[in-house]
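Trainee: Submitted below is the structure of interest, expressed as structure tokens.
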Amino acid sequence: MSHAVSPEELHATARPYGDTPFLLYVGGNGTVRVNHVSTTFAGNSGQVLVTGFGRGVAKALAPDLTLSLLWQPHAENGFSLIADGTGTIEQVDGTETLVLTVSGAVLHRPAPSDGEGSC
């Protein structure tokens with residue numbers, strides 16, 4: 001089950017999930033990498049400022065590299081929040097920051113096992 005979240009709605013939607021999602025990307029050797037990161041939002045612009053990422057992110061970063069942020073659900077059968085986009089590394093207030101421009105986001109959870117409630 002998925003519900004689309006526009007990039008402009010992401011900030012408000014992510015607020016209850018906290019500011020420490022997981023960053024997922026494909027590393028230089030083709031394997032999926034996961035980092036636990038800290039985030040802030042640049043208003044409702046659809047940009048997420050990410051800090052605390054590993055050195056591998058900078059090495060893997062390319063103009064077409066898709067990155068994903070994953071916020072875990074807080075309850076069993078709750079929705080995860082997943083945001084996809086592309087990023088650049090910039091200095092923001094003296095800190096190396098991944099500026100992620102979100103192209104799309106969803107609230108997602110598996111469909112109920114009884115098959116009811118599909119979207």
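Chain labels A, B, ... are given in the sequence in which chains occur in the structure tokens; within each chain residues are numbered consecutively from 1, and ligands are likewise numbered from 1 in the order shown.
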Report as a PyMOL selection string all protein, DNA and RNA residues lying within 7 Å of A:Phe79, evaluated on only C-alpha atoms, omitting residues in the same chain fewer than 2 positions from it.

Mentor: chain A and resi 73+77+81+107-109

Trainee: Put those residues in a file: N, CA and C atoms, as a PDB file, in the first residue's frame.

Mentor:
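Listed below is the output, out.pdb:
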ATOM      1  N   PRO A  73       8.652   2.958  10.218  1.00  0.00           N
ATOM      2  CA  PRO A  73       7.361   3.176  10.894  1.00  0.00           C
ATOM      3  C   PRO A  73       7.561   3.127  12.407  1.00  0.00           C
ATOM      4  N   ASN A  77       2.633  -2.482  11.464  1.00  0.00           N
ATOM      5  CA  ASN A  77       1.692  -2.178  10.392  1.00  0.00           C
ATOM      6  C   ASN A  77       1.599  -0.689  10.074  1.00  0.00           C
ATOM      7  N   LEU A  81       8.233   5.948   5.478  1.00  0.00           N
ATOM      8  CA  LEU A  81       8.287   7.083   4.569  1.00  0.00           C
ATOM      9  C   LEU A  81       9.559   6.933   3.748  1.00  0.00           C
ATOM     10  N   LEU A 107       4.428   7.171   1.339  1.00  0.00           N
ATOM     11  CA  LEU A 107       4.195   6.450   2.579  1.00  0.00           C
ATOM     12  C   LEU A 107       3.884   5.030   2.133  1.00  0.00           C
ATOM     13  N   HIS A 108       4.567   4.052   2.713  1.00  0.00           N
ATOM     14  CA  HIS A 108       4.427   2.682   2.216  1.00  0.00           C
ATOM     15  C   HIS A 108       4.387   1.683   3.361  1.00  0.00           C
ATOM     16  N   ARG A 109       3.587   0.662   3.160  1.00  0.00           N
ATOM     17  CA  ARG A 109       3.575  -0.517   4.030  1.00  0.00           C
ATOM     18  C   ARG A 109       3.083  -1.690   3.205  1.00  0.00           C
TER      19      ARG A 109
END

Trainee: Name all residues at most 7 Å from A:Gly104 (count only C-alpha atoms; drop same-chain ones fewer than 5 positions away) and give them as a ChimeraX atom specification.

Mentor: /A:5-7,83-85

Trainee: Go ahead and save the residues from that selection, with N, CA and C atoms, as a short mmCIF file (atom, residue, chain, number, x, y, z; two decimals), in the first residue's frame.

Mentor:
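Wrote result_6.cif, looks like this:
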data_model
loop_
_atom_site.label_atom_id
_atom_site.label_comp_id
_atom_site.auth_asym_id
_atom_site.auth_seq_id
_atom_site.Cartn_x
_atom_site.Cartn_y
_atom_site.Cartn_z
N VAL A 5 3.52 11.25 -1.72
CA VAL A 5 3.78 12.47 -0.96
C VAL A 5 4.56 13.38 -1.90
N SER A 6 4.06 14.57 -2.13
CA SER A 6 4.77 15.48 -3.02
C SER A 6 6.02 16.00 -2.33
N PRO A 7 7.04 16.40 -3.10
CA PRO A 7 8.24 16.96 -2.48
C PRO A 7 7.93 18.15 -1.56
N ALA A 83 11.75 8.59 0.47
CA ALA A 83 11.92 9.72 -0.44
C ALA A 83 13.10 9.43 -1.36
N ASP A 84 12.91 9.62 -2.65
CA ASP A 84 13.96 9.42 -3.65
C ASP A 84 14.35 10.75 -4.26
N GLY A 85 15.62 10.86 -4.63
CA GLY A 85 16.07 12.08 -5.30
C GLY A 85 17.53 11.98 -5.69
#

Trainee: Would you mind telling me which residue in A:Leu65, A:Val57, A:Leu24, A:Ala12 lies nearest to A:Glu96 when using only C-alpha atoms?

Mentor: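 The closest residue to A:Glu96 is A:Val57.
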
Trainee: Excluding same-chain residues fewer than 3 positions from A:Thr13, what lies within 12 Å of it counting only C-alpha atoms, as a PyMOL selection string?

Mentor: chain A and resi 3-10+16-19+41+44+46+71+79-83+105-107

Trainee: Mind checking which residues fall within 10 Å of A:Arg33, counting only C-alpha atoms, ignoring those fewer than 3 positions away in the same chain, and posting them as JSON, numbers by chain?

Mentor: {"A": [22, 23, 24, 25, 26, 27, 28, 30, 54, 56, 57]}

Trainee: Closest to A:Leu69 among A:Asn29, A:Ser103, A:Pro21, A:Leu49, using only C-alpha atoms?

Mentor: A:Pro21

Trainee: Any idea what the distance is between atom CA of A:Gln91 and atom CA of A:Thr51?

Mentor: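 Atom CA of A:Thr51 lies at a distance of 10.6 Å from atom CA of A:Gln91.
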
Trainee: Identify, with DSSP run on backbone atoms, the residues in stretch 37-112 of chain A assigned to helix (DSSP H, G or I), and express the list as a list of chain:residue names.

Mentor: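 In stretch 37-112 of chain A, DSSP puts these residues in helix (DSSP H, G or I): A:Arg55, A:Gly56, A:Val57, A:Ala58, A:Lys59, A:Ala60.
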
Trainee: Residues of chain A classed as strand (DSSP E) by DSSP on the backbone are to be reported as a ChimeraX atom specification.

Mentor: /A:2-5,22-26,32-36,38-41,47-51,67-71,80-92,95-108

Trainee: Generate a file of the selected residues that holds C-alpha atoms, formatted as a CSV table (one decimal), in the first residue's frame.

Mentor:
chain,number,residue,atom,x,y,z
A,2,SER,CA,1.5,3.3,-1.0
A,3,HIS,CA,0.3,6.9,-0.8
A,4,ALA,CA,2.2,9.5,-2.8
A,5,VAL,CA,3.8,12.5,-1.0
A,22,PHE,CA,18.5,5.8,6.7
A,23,LEU,CA,20.2,7.0,3.5
A,24,LEU,CA,20.4,4.3,0.8
A,25,TYR,CA,22.5,4.4,-2.3
A,26,VAL,CA,24.4,2.1,-4.7
A,32,VAL,CA,23.6,-1.2,-1.9
A,33,ARG,CA,24.9,0.9,1.0
A,34,VAL,CA,23.0,2.2,4.0
A,35,ASN,CA,24.0,5.0,6.3
A,36,HIS,CA,22.1,6.3,9.4
A,38,SER,CA,20.7,13.3,10.3
A,39,THR,CA,18.4,15.6,8.2
A,40,THR,CA,16.9,19.0,8.2
A,41,PHE,CA,14.7,20.6,5.6
A,47,GLN,CA,15.3,19.7,-0.6
A,48,VAL,CA,16.6,17.8,2.4
A,49,LEU,CA,20.0,18.7,4.0
A,50,VAL,CA,21.7,15.5,5.1
A,51,THR,CA,24.7,15.2,7.4
A,67,LEU,CA,19.6,8.3,-3.3
A,68,SER,CA,16.8,7.3,-1.0
A,69,LEU,CA,15.9,8.3,2.5
A,70,LEU,CA,13.9,5.8,4.6
A,71,TRP,CA,12.1,6.6,7.8
A,80,SER,CA,7.4,3.8,6.3
A,81,LEU,CA,8.3,7.1,4.6
A,82,ILE,CA,10.5,6.8,1.5
A,83,ALA,CA,11.9,9.7,-0.4
A,84,ASP,CA,14.0,9.4,-3.6
A,85,GLY,CA,16.1,12.1,-5.3
A,86,THR,CA,19.5,13.2,-6.5
A,87,GLY,CA,22.1,15.0,-4.5
A,88,THR,CA,25.1,17.3,-4.4
A,89,ILE,CA,27.7,17.8,-1.7
A,90,GLU,CA,28.0,21.4,-0.6
A,91,GLN,CA,29.3,23.3,2.4
A,92,VAL,CA,26.4,24.5,4.5
A,95,THR,CA,29.6,21.5,7.4
A,96,GLU,CA,29.9,19.1,4.5
A,97,THR,CA,26.2,18.5,3.6
A,98,LEU,CA,24.5,16.3,1.1
A,99,VAL,CA,21.7,18.4,-0.5
A,100,LEU,CA,19.1,16.0,-1.7
A,101,THR,CA,16.6,17.3,-4.2
A,102,VAL,CA,13.5,15.0,-3.8
A,103,SER,CA,11.9,13.8,-7.0
A,104,GLY,CA,9.2,11.7,-5.3
A,105,ALA,CA,8.2,10.2,-2.0
A,106,VAL,CA,5.7,7.7,-0.6
A,107,LEU,CA,4.2,6.4,2.6
A,108,HIS,CA,4.4,2.7,2.2

Trainee: Between A:Gly94, A:Thr66, A:Gly78, A:His11, which is the closest to A:Ser45 once you count only C-alpha atoms?

Mentor: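 Distance minimum relative to A:Ser45 lands on A:His11.
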
Trainee: What's the separation between atom CA of A:Val37 and atom CA of A:Met1, in Å to one decimal place?

Mentor: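 Going from atom CA of A:Val37 over to atom CA of A:Met1 covers 25.8 Å.
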